[in-house]
>>> print(open('model.txt').read())   # compact mmCIF, C-alpha atoms and all ligand atoms
# COMPACT_ATOMS: atom_id res chain seq x y z
CA MET T 10 80.62 200.79 187.17
CA VAL T 11 83.06 200.16 184.35
CA MET T 12 85.63 197.44 184.90
CA SER T 13 88.88 197.05 183.07
CA ARG T 14 89.27 193.89 181.01
CA SER T 15 91.79 192.45 183.45
CA ALA T 16 89.65 193.27 186.50
CA GLU T 17 86.71 191.59 184.78
CA ALA T 18 88.76 188.50 184.02
CA LEU T 19 90.04 188.41 187.58
CA SER T 20 86.53 188.63 189.04
CA ILE T 21 85.37 185.76 186.79
CA VAL T 22 88.28 183.66 188.02
CA VAL T 23 87.43 184.51 191.64
CA VAL T 24 83.73 183.64 191.18
CA VAL T 25 84.54 180.35 189.41
CA PHE T 26 87.02 179.51 192.17
CA LEU T 27 84.42 180.25 194.87
CA ILE T 28 81.76 178.11 193.17
CA PHE T 29 84.30 175.33 192.72
CA SER T 30 85.47 175.41 196.34
CA VAL T 31 81.92 175.53 197.69
CA SER T 32 80.90 172.54 195.56
CA LEU T 33 84.06 170.69 196.61
CA ALA T 34 83.29 171.37 200.26
CA GLU T 35 79.74 170.17 199.68
CA ALA T 36 80.91 167.04 197.94
CA LYS T 37 83.11 166.26 200.92
CA GLU T 38 80.93 167.49 203.74
CA PRO T 39 77.19 167.63 203.13
CA ALA T 40 75.17 170.31 204.89
CA ASP T 41 73.62 167.84 207.34
CA THR T 42 77.02 166.67 208.64
CA ASN T 43 77.07 166.82 212.43
CA TYR T 44 80.26 167.94 214.16
CA ASP T 45 78.61 168.90 217.40
CA GLU T 46 79.23 166.41 220.21
CA SER T 47 76.10 167.61 222.02
CA LYS T 48 74.01 166.53 219.01
CA VAL T 49 75.24 162.96 219.03
CA PRO T 50 72.07 160.96 219.70
CA GLU T 51 71.75 158.68 222.71
CA TYR T 52 72.39 155.18 221.54
CA ASP T 53 72.54 151.59 222.74
CA LEU T 54 75.12 149.46 221.04
CA PRO T 55 74.11 145.93 220.06
CA ALA T 56 75.45 143.53 222.67
CA LEU T 57 78.64 141.80 221.72
CA LEU T 58 78.58 138.96 224.19
CA VAL T 59 74.87 138.11 224.04
CA ASP T 60 74.00 135.58 221.35
CA ASP T 61 71.09 135.53 218.90
CA ALA T 62 69.09 133.48 221.43
CA ASP T 63 69.69 136.17 224.09
CA LYS T 64 72.14 134.12 226.12
CA THR T 65 75.28 135.72 227.58
CA VAL T 66 78.35 134.05 226.17
CA GLY T 67 81.90 133.41 227.40
CA ARG T 68 85.10 132.56 225.62
CA GLU T 69 84.07 129.04 224.66
CA GLU T 70 80.79 130.15 223.09
CA TRP T 71 82.52 133.09 221.43
CA LEU T 72 84.92 130.76 219.71
CA GLY T 73 82.29 128.05 219.23
CA TYR T 74 79.57 130.05 217.49
CA ARG T 75 79.10 133.67 218.61
CA ARG T 76 81.98 134.95 216.52
CA ASP T 77 80.39 133.32 213.47
CA GLU T 78 77.03 134.88 214.27
CA VAL T 79 78.63 138.33 214.35
CA LEU T 80 80.51 137.69 211.12
CA ARG T 81 77.25 136.62 209.39
CA LEU T 82 75.56 139.84 210.58
CA PHE T 83 78.28 141.90 208.89
CA GLU T 84 77.94 139.85 205.72
CA ASP T 85 74.16 140.30 205.63
CA SER T 86 73.89 143.94 206.59
CA VAL T 87 77.14 145.72 205.71
CA TYR T 88 79.75 144.25 203.35
CA GLY T 89 77.96 141.30 201.72
CA LYS T 90 79.05 137.72 201.55
CA THR T 91 82.36 136.82 199.96
CA PRO T 92 82.03 133.80 197.65
CA GLU T 93 83.52 130.61 199.03
CA GLN T 94 84.39 129.22 195.64
CA ARG T 95 88.15 128.98 195.08
CA LEU T 96 89.33 130.13 191.69
CA LYS T 97 92.21 128.36 190.10
CA VAL T 98 95.28 130.59 190.17
CA ARG T 99 98.65 130.66 188.46
CA TYR T 100 101.51 132.86 189.68
CA GLU T 101 104.19 134.21 187.39
CA LEU T 102 107.35 135.89 188.62
CA VAL T 103 107.51 138.84 186.27
CA GLU T 104 110.57 140.55 187.71
CA GLU T 105 113.04 140.06 190.55
CA ASP T 106 116.03 142.00 191.85
CA ARG T 107 118.02 140.79 194.81
CA ASN T 108 119.84 144.10 194.90
CA ALA T 109 116.98 146.54 195.16
CA LEU T 110 117.11 149.70 197.30
CA GLU T 111 120.91 149.78 197.06
CA GLY T 112 121.24 146.18 198.08
CA ARG T 113 119.08 146.44 201.18
CA ALA T 114 116.09 144.56 199.77
CA THR T 115 114.89 141.95 197.35
CA ARG T 116 112.12 143.16 195.06
CA LYS T 117 109.71 140.72 193.46
CA GLN T 118 106.87 141.50 191.11
CA VAL T 119 104.44 138.67 190.64
CA ALA T 120 101.38 138.44 188.43
CA ALA T 121 98.56 136.25 189.72
CA PHE T 122 96.14 134.98 187.05
CA PHE T 123 92.70 133.90 188.29
CA GLY T 124 90.04 131.65 186.78
CA GLU T 125 89.62 130.50 183.20
CA SER T 126 89.93 134.03 181.86
CA GLY T 127 93.25 134.56 183.63
CA TYR T 128 92.17 137.78 185.42
CA ARG T 129 95.45 139.47 186.35
CA ILE T 130 96.50 141.07 189.63
CA ASP T 131 100.06 142.42 190.10
CA VAL T 132 101.73 142.08 193.48
CA LEU T 133 104.78 144.13 194.44
CA LEU T 134 106.92 142.75 197.25
CA TYR T 135 110.05 144.06 199.00
CA VAL T 136 111.83 141.90 201.55
CA PRO T 137 114.80 142.97 203.70
CA ASN T 138 118.04 141.26 202.67
CA ASP T 139 119.52 141.61 206.11
CA ALA T 140 117.26 138.95 207.66
CA SER T 141 118.18 135.73 209.39
CA GLY T 142 114.96 133.98 208.37
CA PRO T 143 111.59 134.62 206.74
CA SER T 144 110.47 138.20 207.46
CA PRO T 145 107.24 139.43 208.99
CA ALA T 146 105.37 141.66 206.56
CA PHE T 147 102.86 144.44 206.12
CA LEU T 148 100.33 143.95 203.35
CA GLY T 149 98.07 146.71 202.09
CA LEU T 150 96.30 147.87 198.97
CA ASN T 151 97.38 151.14 197.41
CA PHE T 152 95.20 153.84 195.82
CA ASN T 153 97.37 154.94 192.90
CA GLY T 154 99.31 152.00 191.48
CA ASN T 155 102.28 150.03 192.78
CA HIS T 156 104.70 152.60 191.35
CA SER T 157 103.21 155.27 193.64
CA VAL T 158 104.58 153.49 196.71
CA HIS T 159 108.27 154.20 196.02
CA GLY T 160 110.39 156.05 193.46
CA ASP T 161 112.14 152.80 192.36
CA ASP T 162 112.24 152.94 188.51
CA ALA T 163 111.83 149.20 188.15
CA ILE T 164 108.30 149.08 189.56
CA LEU T 165 105.95 148.12 186.74
CA LYS T 166 103.36 150.75 185.88
CA ARG T 167 100.64 148.40 184.65
CA GLY T 168 97.57 150.32 183.54
CA THR T 169 98.37 153.24 185.84
CA SER T 170 99.88 156.66 185.42
CA GLY T 171 101.08 159.31 187.83
CA LYS T 172 104.40 160.07 189.39
CA ARG T 173 106.63 157.33 190.74
CA GLY T 174 106.80 157.45 194.48
CA ALA T 175 104.01 160.06 194.66
CA TYR T 176 102.75 158.42 197.86
CA SER T 177 106.03 157.13 199.26
CA GLY T 178 105.40 159.09 202.46
CA ARG T 179 102.36 156.90 203.10
CA TRP T 180 104.42 153.71 202.87
CA GLN T 181 107.80 154.48 204.46
CA LEU T 182 109.28 151.51 202.61
CA GLU T 183 112.93 152.25 203.48
CA THR T 184 112.09 152.43 207.20
CA LEU T 185 110.14 149.16 207.05
CA ILE T 186 113.04 147.39 205.37
CA LYS T 187 115.55 148.75 207.91
CA ARG T 188 113.29 147.56 210.71
CA GLY T 189 113.13 144.03 209.28
CA TYR T 190 109.67 144.08 207.70
CA ALA T 191 108.66 143.12 204.19
CA LEU T 192 106.02 145.12 202.32
CA ALA T 193 103.53 143.68 199.84
CA THR T 194 101.05 145.79 197.93
CA VAL T 195 98.53 145.72 195.08
CA HIS T 196 96.62 148.51 193.35
CA ARG T 197 92.98 148.32 194.53
CA ASP T 198 91.62 149.04 191.04
CA GLN T 199 93.18 145.85 189.74
CA ILE T 200 90.87 143.87 192.04
CA ASP T 201 87.80 146.01 191.56
CA PRO T 202 87.94 149.42 189.86
CA ASP T 203 86.94 152.15 192.30
CA ASN T 204 85.57 154.40 189.56
CA TYR T 205 82.45 155.90 191.20
CA ARG T 206 80.15 154.29 188.63
CA ASN T 207 81.08 150.77 189.46
CA ASP T 208 78.68 148.40 187.79
CA PHE T 209 80.55 145.26 188.84
CA SER T 210 81.27 144.32 185.24
CA ASP T 211 85.00 144.84 185.05
CA GLY T 212 86.60 143.71 188.32
CA ILE T 213 86.79 140.32 189.98
CA HIS T 214 83.00 139.98 190.58
CA PRO T 215 82.07 138.50 187.17
CA LEU T 216 84.38 135.56 187.77
CA PHE T 217 81.93 134.42 190.44
CA TYR T 218 78.61 135.17 188.73
CA LYS T 219 76.09 132.40 188.16
CA LYS T 220 74.76 131.98 184.63
CA ASN T 221 73.09 135.23 183.45
CA GLN T 222 74.04 137.12 186.62
CA VAL T 223 75.29 140.65 185.96
CA VAL T 224 75.47 142.27 189.42
CA PRO T 225 75.89 140.91 192.95
CA GLU T 226 72.69 139.97 194.79
CA SER T 227 71.65 142.20 197.71
CA GLY T 228 73.53 140.16 200.30
CA GLN T 229 76.59 139.58 198.13
CA TRP T 230 79.89 141.45 198.26
CA GLY T 231 80.52 144.97 197.02
CA SER T 232 83.93 146.52 196.37
CA ILE T 233 85.18 146.40 199.97
CA GLY T 234 84.39 142.68 199.93
CA ALA T 235 86.26 142.25 196.66
CA TRP T 236 89.28 144.21 197.87
CA ALA T 237 89.36 142.18 201.09
CA TRP T 238 89.19 139.00 199.01
CA GLY T 239 92.20 140.30 197.06
CA LEU T 240 94.18 140.77 200.27
CA SER T 241 93.52 137.16 201.23
CA ARG T 242 94.65 136.01 197.80
CA VAL T 243 97.94 137.89 198.24
CA LEU T 244 98.32 136.13 201.58
CA ASP T 245 97.79 132.80 199.77
CA TRP T 246 100.74 133.69 197.58
CA LEU T 247 102.86 134.90 200.51
CA GLU T 248 102.31 131.46 202.07
CA THR T 249 104.26 130.05 199.14
CA GLU T 250 107.01 132.69 199.34
CA ALA T 251 109.98 131.48 201.38
CA LEU T 252 111.34 134.97 202.12
CA VAL T 253 108.19 135.93 204.03
CA ASP T 254 106.78 134.46 207.24
CA ALA T 255 103.10 134.30 206.28
CA SER T 256 102.12 133.62 209.89
CA ARG T 257 103.32 137.15 210.74
CA VAL T 258 101.55 139.32 208.20
CA ALA T 259 99.87 142.55 209.30
CA VAL T 260 97.10 143.75 207.02
CA ILE T 261 96.97 147.55 206.82
CA GLY T 262 94.86 150.13 205.04
CA HIS T 263 94.08 153.83 204.94
CA SER T 264 90.60 155.32 204.69
CA ARG T 265 88.38 153.16 202.38
CA LEU T 266 91.27 150.72 202.31
CA GLY T 267 91.30 150.82 206.12
CA LYS T 268 87.66 149.70 206.04
CA THR T 269 88.91 146.97 203.71
CA ALA T 270 91.79 145.93 205.99
CA LEU T 271 89.34 145.53 208.88
CA TRP T 272 86.94 143.42 206.84
CA ALA T 273 89.84 141.31 205.51
CA GLY T 274 91.19 140.78 209.03
CA ALA T 275 87.72 139.95 210.36
CA GLN T 276 87.12 137.27 207.74
CA ASP T 277 90.60 135.81 207.38
CA ARG T 278 92.16 134.79 210.66
CA ARG T 279 95.49 134.08 208.99
CA PHE T 280 96.23 137.82 209.22
CA ALA T 281 98.31 138.08 212.37
CA MET T 282 97.63 141.77 212.98
CA VAL T 283 95.21 144.36 211.62
CA VAL T 284 95.81 148.10 211.19
CA SER T 285 93.07 150.62 210.42
CA ASN T 286 94.36 154.08 209.51
CA ASP T 287 91.64 156.77 209.49
CA SER T 288 89.05 154.26 208.24
CA GLY T 289 86.03 156.21 209.52
CA CYS T 290 82.44 155.47 208.53
CA GLY T 291 82.01 151.84 207.47
CA GLY T 292 85.42 151.21 209.06
CA ALA T 293 86.34 151.66 212.71
CA ALA T 294 83.88 154.47 213.60
CA LEU T 295 80.66 153.71 215.47
CA TYR T 296 77.71 154.19 213.11
CA ARG T 297 75.29 155.08 215.91
CA ARG T 298 77.12 158.29 216.84
CA CYS T 299 75.97 159.79 213.53
CA TYR T 300 78.97 162.13 213.73
CA GLY T 301 80.82 163.14 210.55
CA GLU T 302 80.21 160.83 207.61
CA ARG T 303 77.06 158.69 207.72
CA ILE T 304 75.63 155.86 205.66
CA HIS T 305 73.39 158.10 203.55
CA HIS T 306 76.42 160.24 202.68
CA MET T 307 78.20 157.22 201.28
CA ILE T 308 75.42 155.44 199.43
CA LYS T 309 74.99 157.88 196.57
CA PRO T 310 78.65 158.31 195.59
CA VAL T 311 80.12 155.01 196.78
CA GLY T 312 77.26 152.69 197.74
CA TYR T 313 78.98 150.00 195.65
CA TRP T 314 81.61 149.63 198.37
CA PHE T 315 78.95 147.81 200.44
CA CYS T 316 76.28 145.23 199.73
CA LYS T 317 72.85 146.36 198.56
CA ASN T 318 71.33 145.42 201.93
CA HIS T 319 73.39 148.13 203.59
CA HIS T 320 71.49 150.86 201.74
CA GLN T 321 68.36 150.35 203.88
CA TYR T 322 70.18 151.71 206.94
CA GLN T 323 70.48 155.24 205.56
CA GLN T 324 69.31 157.57 208.36
CA ARG T 325 68.44 154.39 210.33
CA GLU T 326 71.75 153.53 211.94
CA HIS T 327 69.95 152.52 215.12
CA GLU T 328 68.30 149.65 213.22
CA LEU T 329 71.56 148.04 212.15
CA PRO T 330 71.98 144.63 213.79
CA VAL T 331 75.68 145.48 214.32
CA ASP T 332 77.93 148.39 215.10
CA GLN T 333 81.63 148.70 214.40
CA HIS T 334 82.88 147.65 217.86
CA MET T 335 81.63 144.24 216.73
CA LEU T 336 83.73 144.36 213.57
CA LEU T 337 86.83 145.20 215.61
CA SER T 338 86.06 142.41 218.06
CA LEU T 339 86.34 139.91 215.21
CA VAL T 340 90.07 140.63 215.14
CA ALA T 341 90.49 139.37 218.75
CA PRO T 342 92.64 137.92 220.14
CA ARG T 343 95.01 139.14 217.44
CA PRO T 344 96.66 142.55 217.84
CA LEU T 345 94.57 145.38 216.43
CA TYR T 346 95.59 148.99 215.77
CA VAL T 347 93.12 151.81 215.20
CA ALA T 348 94.48 155.25 214.31
CA SER T 349 92.72 158.58 213.91
CA ALA T 350 93.79 162.14 213.10
CA THR T 351 92.62 165.33 214.81
CA ASN T 352 91.56 167.15 211.62
CA ASP T 353 89.81 164.10 210.21
CA ARG T 354 86.45 164.87 211.81
CA TRP T 355 84.66 163.36 208.80
CA ALA T 356 85.97 159.96 210.02
CA ASP T 357 84.85 160.61 213.63
CA PRO T 358 88.05 160.02 215.64
CA LYS T 359 86.11 159.67 218.88
CA GLY T 360 83.81 157.07 217.31
CA GLU T 361 86.89 155.16 216.13
CA PHE T 362 88.34 155.18 219.64
CA LEU T 363 85.06 154.14 221.26
CA ALA T 364 84.60 151.22 218.87
CA ALA T 365 88.04 149.94 219.88
CA LYS T 366 87.22 150.47 223.55
CA TYR T 367 83.88 148.63 223.27
CA ALA T 368 85.49 145.76 221.33
CA SER T 369 87.78 145.19 224.32
CA PRO T 370 85.52 142.76 226.28
CA VAL T 371 86.27 140.14 223.63
CA TYR T 372 90.00 140.64 224.17
CA GLU T 373 89.38 140.30 227.88
CA LEU T 374 87.81 136.88 227.26
CA PHE T 375 91.33 135.88 226.21
CA GLU T 376 92.86 137.59 229.25
CA LEU T 377 94.33 140.27 227.06
CA GLU T 378 94.18 143.94 227.92
CA GLY T 379 92.21 146.15 225.54
CA LEU T 380 91.08 149.73 226.03
CA SER T 381 88.25 149.27 228.54
CA ASP T 382 90.07 151.28 231.19
CA TYR T 383 91.12 154.12 228.90
CA GLN T 384 89.66 157.39 227.69
CA GLN T 385 90.53 158.72 224.24
CA PRO T 386 94.10 159.99 224.64
CA SER T 387 95.37 163.47 223.78
CA PRO T 388 96.89 164.01 220.34
CA ASP T 389 100.15 162.17 219.67
CA GLU T 390 99.95 160.09 222.85
CA PRO T 391 99.55 156.50 221.68
CA ILE T 392 98.16 153.72 223.87
CA HIS T 393 99.50 150.25 223.14
CA THR T 394 97.82 147.30 224.85
CA ARG T 395 96.76 144.32 222.73
CA ILE T 396 94.84 147.09 220.99
CA GLY T 397 96.77 150.11 219.78
CA TYR T 398 95.19 153.52 219.39
CA HIS T 399 96.46 156.99 218.62
CA LEU T 400 95.03 160.32 217.61
CA ARG T 401 97.67 161.92 215.43
CA ALA T 402 97.70 165.72 215.22
CA GLY T 403 96.99 166.55 211.59
CA LYS T 404 94.93 165.64 208.58
CA HIS T 405 93.48 162.53 206.94
CA ASP T 406 96.66 160.77 205.79
CA VAL T 407 99.25 158.13 206.67
CA THR T 408 102.46 159.68 207.97
CA GLU T 409 105.83 158.80 209.41
CA PHE T 410 104.33 159.26 212.87
CA ASP T 411 101.64 156.65 212.14
CA TRP T 412 104.21 154.14 210.85
CA LYS T 413 106.43 154.74 213.85
CA GLN T 414 103.57 153.50 216.04
CA TYR T 415 102.66 150.58 213.77
CA LEU T 416 106.26 149.38 213.73
CA ALA T 417 106.65 149.65 217.49
CA PHE T 418 103.37 147.78 217.91
CA ALA T 419 104.43 145.12 215.39
CA ASP T 420 107.80 144.75 217.16
CA GLN T 421 105.85 144.07 220.33
CA HIS T 422 103.38 141.59 218.83
CA LEU T 423 104.80 140.10 215.64
CA GLN T 424 108.48 139.72 216.38
CA SER T 425 107.93 137.69 219.53
CA ASN T 426 105.64 135.06 217.91
C1 LIG T 501 85.81 159.71 201.23
C2 LIG T 501 84.78 158.83 201.88
C3 LIG T 501 85.36 158.07 203.07
C4 LIG T 501 86.63 157.38 202.68
C5 LIG T 501 87.57 158.33 202.01
C6 LIG T 501 88.82 157.69 201.40
O1 LIG T 501 86.15 160.76 202.11
O2 LIG T 501 83.70 159.62 202.24
O3 LIG T 501 84.43 157.14 203.57
O4 LIG T 501 87.22 156.76 203.78
O5 LIG T 501 86.94 158.95 200.92
O6 LIG T 501 88.87 156.50 201.16
O7 LIG T 501 89.74 158.45 201.09
>>> encode(input="model.txt", output="structure tokens")
Amino acid sequence: MVMSRSAEALSIVVVVFLIFSVSLAEAKEPADTNYDESKVPEYDLPALLVDDADKTVGREEWLGYRRDEVLRLFEDSVYGKTPEQRLKVRYELVEEDRNALEGRATRKQVAAFFGESGYRIDVLLYVPNDASGPSPAFLGLNFNGNHSVHGDDAILKRGTSGKRGAYSGRWQLETLIKRGYALATVHRDQIDPDNYRNDFSDGIHPLFYKKNQVVPESGQWGSIGAWAWGLSRVLDWLETEALVDASRVAVIGHSRLGKTALWAGAQDRRFAMVVSNDSGCGGAALYRRCYGERIHHMIKPVGYWFCKNHHQYQQREHELPVDQHMLLSLVAPRPLYVASATNDRWADPKGEFLAAKYASPVYELFELEGLSDYQQPSPDEPIHTRIGYHLRAGKHDVTEFDWKQYLAFADQHLQSN
């Protein structure tokens, strides 16, 4: 068969496109990914309210020591231990505008310099002007730089490129301000670069290394730990910021940054509310369901998100001393929101719901209603008890619908404090 030049060129383009899309699909969803509910293995979740000495615990023991036991298990086997050492920090107000967003908000951009080397992290904050006192706030890391959160020309583009406001839909800043909430954000890469070959040489980790140390030890923090540390450091600064009520700060995150928000909220009880948006494997989803993404899928590309110890649980989820209902329970009795999306099977929406449901007994210790009496709801039908859950119709993303729920939930739990 003789092909014309243009037909030949077209067929090459088609073949290259097919190879590219197949490899993309593979990169995202490996061949052994299970999406069949009937193939979910039978599993027993580790007991939440039975302590290391096998004794059933109540509220007093939970607060006294069981909560700490659970936290230690997550440090040892999943995220690694966050250093306790406090770095010296200096804050510098780099820019301020009391007339931002057409007069509706005050914008502040603050650089925080850590340790002797003055490691710099840039915080962007918007606070509603129409407030009678310090405002409650949402705090979350962003994926693409502070300038991606809103089209506002004055947002500094430090070390980042890309279009201003490219992800404004994921932040809904104008709506937050109208509803009386401040928003604080930092680019995750400024805390620890998420560059898929992370060798822990260029983020915050080296500031904590002992002499001659070059990587974290097997039980020490990975990137999720570092990002969560960063969120707590922003909260430190918000505690000094008169326009914000630091006792009413919700920590929020999407996807890997949802995993981070959960770990930040678990470790730092100053966060008044925790929101996990499509956080999936290593976030809200139960590991033992082995549905969608699994540990061995993450370790090769992004094992650095976790501690080295976590790697041994590849294909051995059942041996983990924890599962993610225990992570969620560490948020209790504070309000917790877990959100999933129907097309985000990779993140196992059902596993995210079940983890929230099985975390509920800890809420019940505080006489707060969780999700024990609920089944996973139909798409777009949120449940709001002390735990919020919804399954949004659509893809892996943060949308106006998600924020509508988070704001209603925050109105219920943060405004009345
Ligand atoms: C990948 C990864 C997920 C993660 C997501 C994200 O899909 O496998 O675990 O949540 O990226 O952060 O966008």
>>> closest_residue(input="model.txt", among="T:Val283, T:Ala259, T:Ala417, T:Val331", to="Tyr88 of chain T", atoms="all atoms listed in the file")
T:Val331
>>> residues_around(input="model.txt", residues="Val284 of chain T", least_positions_apart="6", cutoff="9 Å", atoms="only C-alpha atoms", output="list in words")
Ala259, Val260, Ile261, Gly262, His263, Gly267, Ala270, Leu271, Gly274, Pro344, Leu345, Tyr346, Val347, Ala348, Gly397 and Tyr415 of chain T
>>> write_last_selection(input="model.txt", atoms="C-alpha atoms", output="short mmCIF file (atom, residue, chain, number, x, y, z; two decimals), in the coordinates of the input")
data_model
loop_
_atom_site.label_atom_id
_atom_site.label_comp_id
_atom_site.auth_asym_id
_atom_site.auth_seq_id
_atom_site.Cartn_x
_atom_site.Cartn_y
_atom_site.Cartn_z
CA ALA T 259 99.87 142.55 209.30
CA VAL T 260 97.10 143.75 207.02
CA ILE T 261 96.97 147.55 206.82
CA GLY T 262 94.86 150.13 205.04
CA HIS T 263 94.08 153.83 204.94
CA GLY T 267 91.30 150.82 206.12
CA ALA T 270 91.79 145.93 205.99
CA LEU T 271 89.34 145.53 208.88
CA GLY T 274 91.19 140.78 209.03
CA PRO T 344 96.66 142.55 217.84
CA LEU T 345 94.57 145.38 216.43
CA TYR T 346 95.59 148.99 215.77
CA VAL T 347 93.12 151.81 215.20
CA ALA T 348 94.48 155.25 214.31
CA GLY T 397 96.77 150.11 219.78
CA TYR T 415 102.66 150.58 213.77
#
>>> closest_residue(input="model.txt", among="T:Glu373, T:Asp353, T:Glu250, T:Asp63", to="Pro145 of chain T", atoms="all atoms listed in the file")
T:Glu250
>>> residues_near_ligand(input="model.txt", ligand="ligand LIG 501 (chain T)", cutoff="8 Å", atoms="only C-alpha atoms and all ligand atoms", output="ChimeraX atom specification")
/T:37,263-268,287-292,302,306-307,311,355-356
>>> atom_distance(input="model.txt", atom1="atom CA of Asn286 of chain T", atom2="atom CA of Ala402 of chain T")
13.4 Å
>>> closest_residue(input="model.txt", among="T:Arg278, T:Arg173, T:Arg179, T:His156", to="Phe410 of chain T", atoms="all atoms listed in the file")
T:Arg179
>>> closest_residue(input="model.txt", among="T:His159, T:His320, T:Lys117, T:His399", to="Ser285 of chain T", atoms="only C-alpha atoms")
T:His399
>>> residues_around(input="model.txt", residues="Thr351 of chain T", least_positions_apart="5", cutoff="9 Å", atoms="only C-alpha atoms", output="list of chain:residue names")
T:Pro358, T:Pro388, T:Leu400, T:Arg401, T:Ala402, T:Gly403, T:Lys404, T:His405
>>> closest_residue(input="model.txt", among="T:Ala364, T:Leu134, T:Leu80, T:Ala341", to="Leu377 of chain T", atoms="all atoms listed in the file")
T:Ala341
>>> atom_distance(input="model.txt", atom1="atom CA of Thr408 of chain T", atom2="atom CA of Cys299 of chain T")
27.1 Å
>>> atom_distance(input="model.txt", atom1="atom CA of Ser369 of chain T", atom2="atom CA of Leu54 of chain T")
13.8 Å
>>> residues_around(input="model.txt", residues="Asp357 of chain T", least_positions_apart="3", cutoff="6 Å", atoms="all atoms listed in the file", output="ChimeraX atom specification")
/T:301,354,360
>>> write_last_selection(input="model.txt", atoms="C-alpha atoms", output="CSV table (one decimal), in the coordinates of the input")
chain,number,residue,atom,x,y,z
T,301,GLY,CA,80.8,163.1,210.6
T,354,ARG,CA,86.4,164.9,211.8
T,360,GLY,CA,83.8,157.1,217.3
>>> residues_around(input="model.txt", residues="Trp412 of chain T", least_positions_apart="6", cutoff="10 Å", atoms="only C-alpha atoms", output="PyMOL selection string")
chain T and resi 178-181+184-185+286+418
>>> residues_around(input="model.txt", residues="Tyr300 of chain T", least_positions_apart="4", cutoff="7 Å", atoms="all atoms listed in the file", output="list in words")
Asn43, Tyr44, Val49 and Asp357 of chain T
>>> closest_residue(input="model.txt", among="T:Ala146, T:Leu339, T:Ala294, T:Ile308", to="Leu244 of chain T", atoms="all atoms listed in the file")
T:Ala146
>>> axis_aligned_box(input="model.txt", around="segment 415-422 of chain T", padding_each_side="5 Å", output="JSON")
{"center_x": 105.2, "center_y": 146.1, "center_z": 217.0, "size_x": 15.1, "size_y": 19.0, "size_z": 16.6}
>>> closest_atom_pairs(input="model.txt", of="segment 134-179 of chain T", to="segment 198-201 of chain T", cutoff="10 Å", atoms="all atoms listed in the file", output="CSV")
residue,atom,partner,partner_atom,distance
T:Leu150,CA,T:Asp198,CA,9.3
T:Asn151,CA,T:Asp198,CA,8.8
T:Phe152,CA,T:Asp198,CA,7.7
T:Asn153,CA,T:Asp198,CA,8.4
T:Gly154,CA,T:Asp198,CA,8.3
T:Arg167,CA,T:Gln199,CA,9.4
T:Gly168,CA,T:Gln199,CA,8.8
T:Thr169,CA,T:Asp198,CA,9.5
>>> residues_near_point(input="model.txt", point="(87.3, 129.1, 187.7)", cutoff="12 Å", atoms="all atoms listed in the file", output="ChimeraX atom specification")
/T:94-99,122-128,213,215-219
>>> residues_near_point(input="model.txt", point="(74.6, 141.1, 195.1)", cutoff="10 Å", atoms="all atoms listed in the file", output="ChimeraX atom specification")
/T:89-90,209,214,218,222-231,313,315-318
>>> decode(input="model.txt", residues="segment 343-354 of chain T", atoms="C-alpha atoms", output="tab-separated table (two decimals), in the first residue's frame")
chain	number	residue	atom	x	y	z
T	343	ARG	CA	-12.91	18.70	66.40
T	344	PRO	CA	-15.09	18.95	63.28
T	345	LEU	CA	-13.78	16.86	60.39
T	346	TYR	CA	-14.84	16.92	56.73
T	347	VAL	CA	-14.03	14.17	54.25
T	348	ALA	CA	-15.02	14.68	50.62
T	349	SER	CA	-14.85	12.33	47.65
T	350	ALA	CA	-15.80	12.51	43.97
T	351	THR	CA	-17.61	9.86	41.93
T	352	ASN	CA	-15.04	9.68	39.10
T	353	ASP	CA	-12.10	9.64	41.49
T	354	ARG	CA	-12.01	5.86	41.87
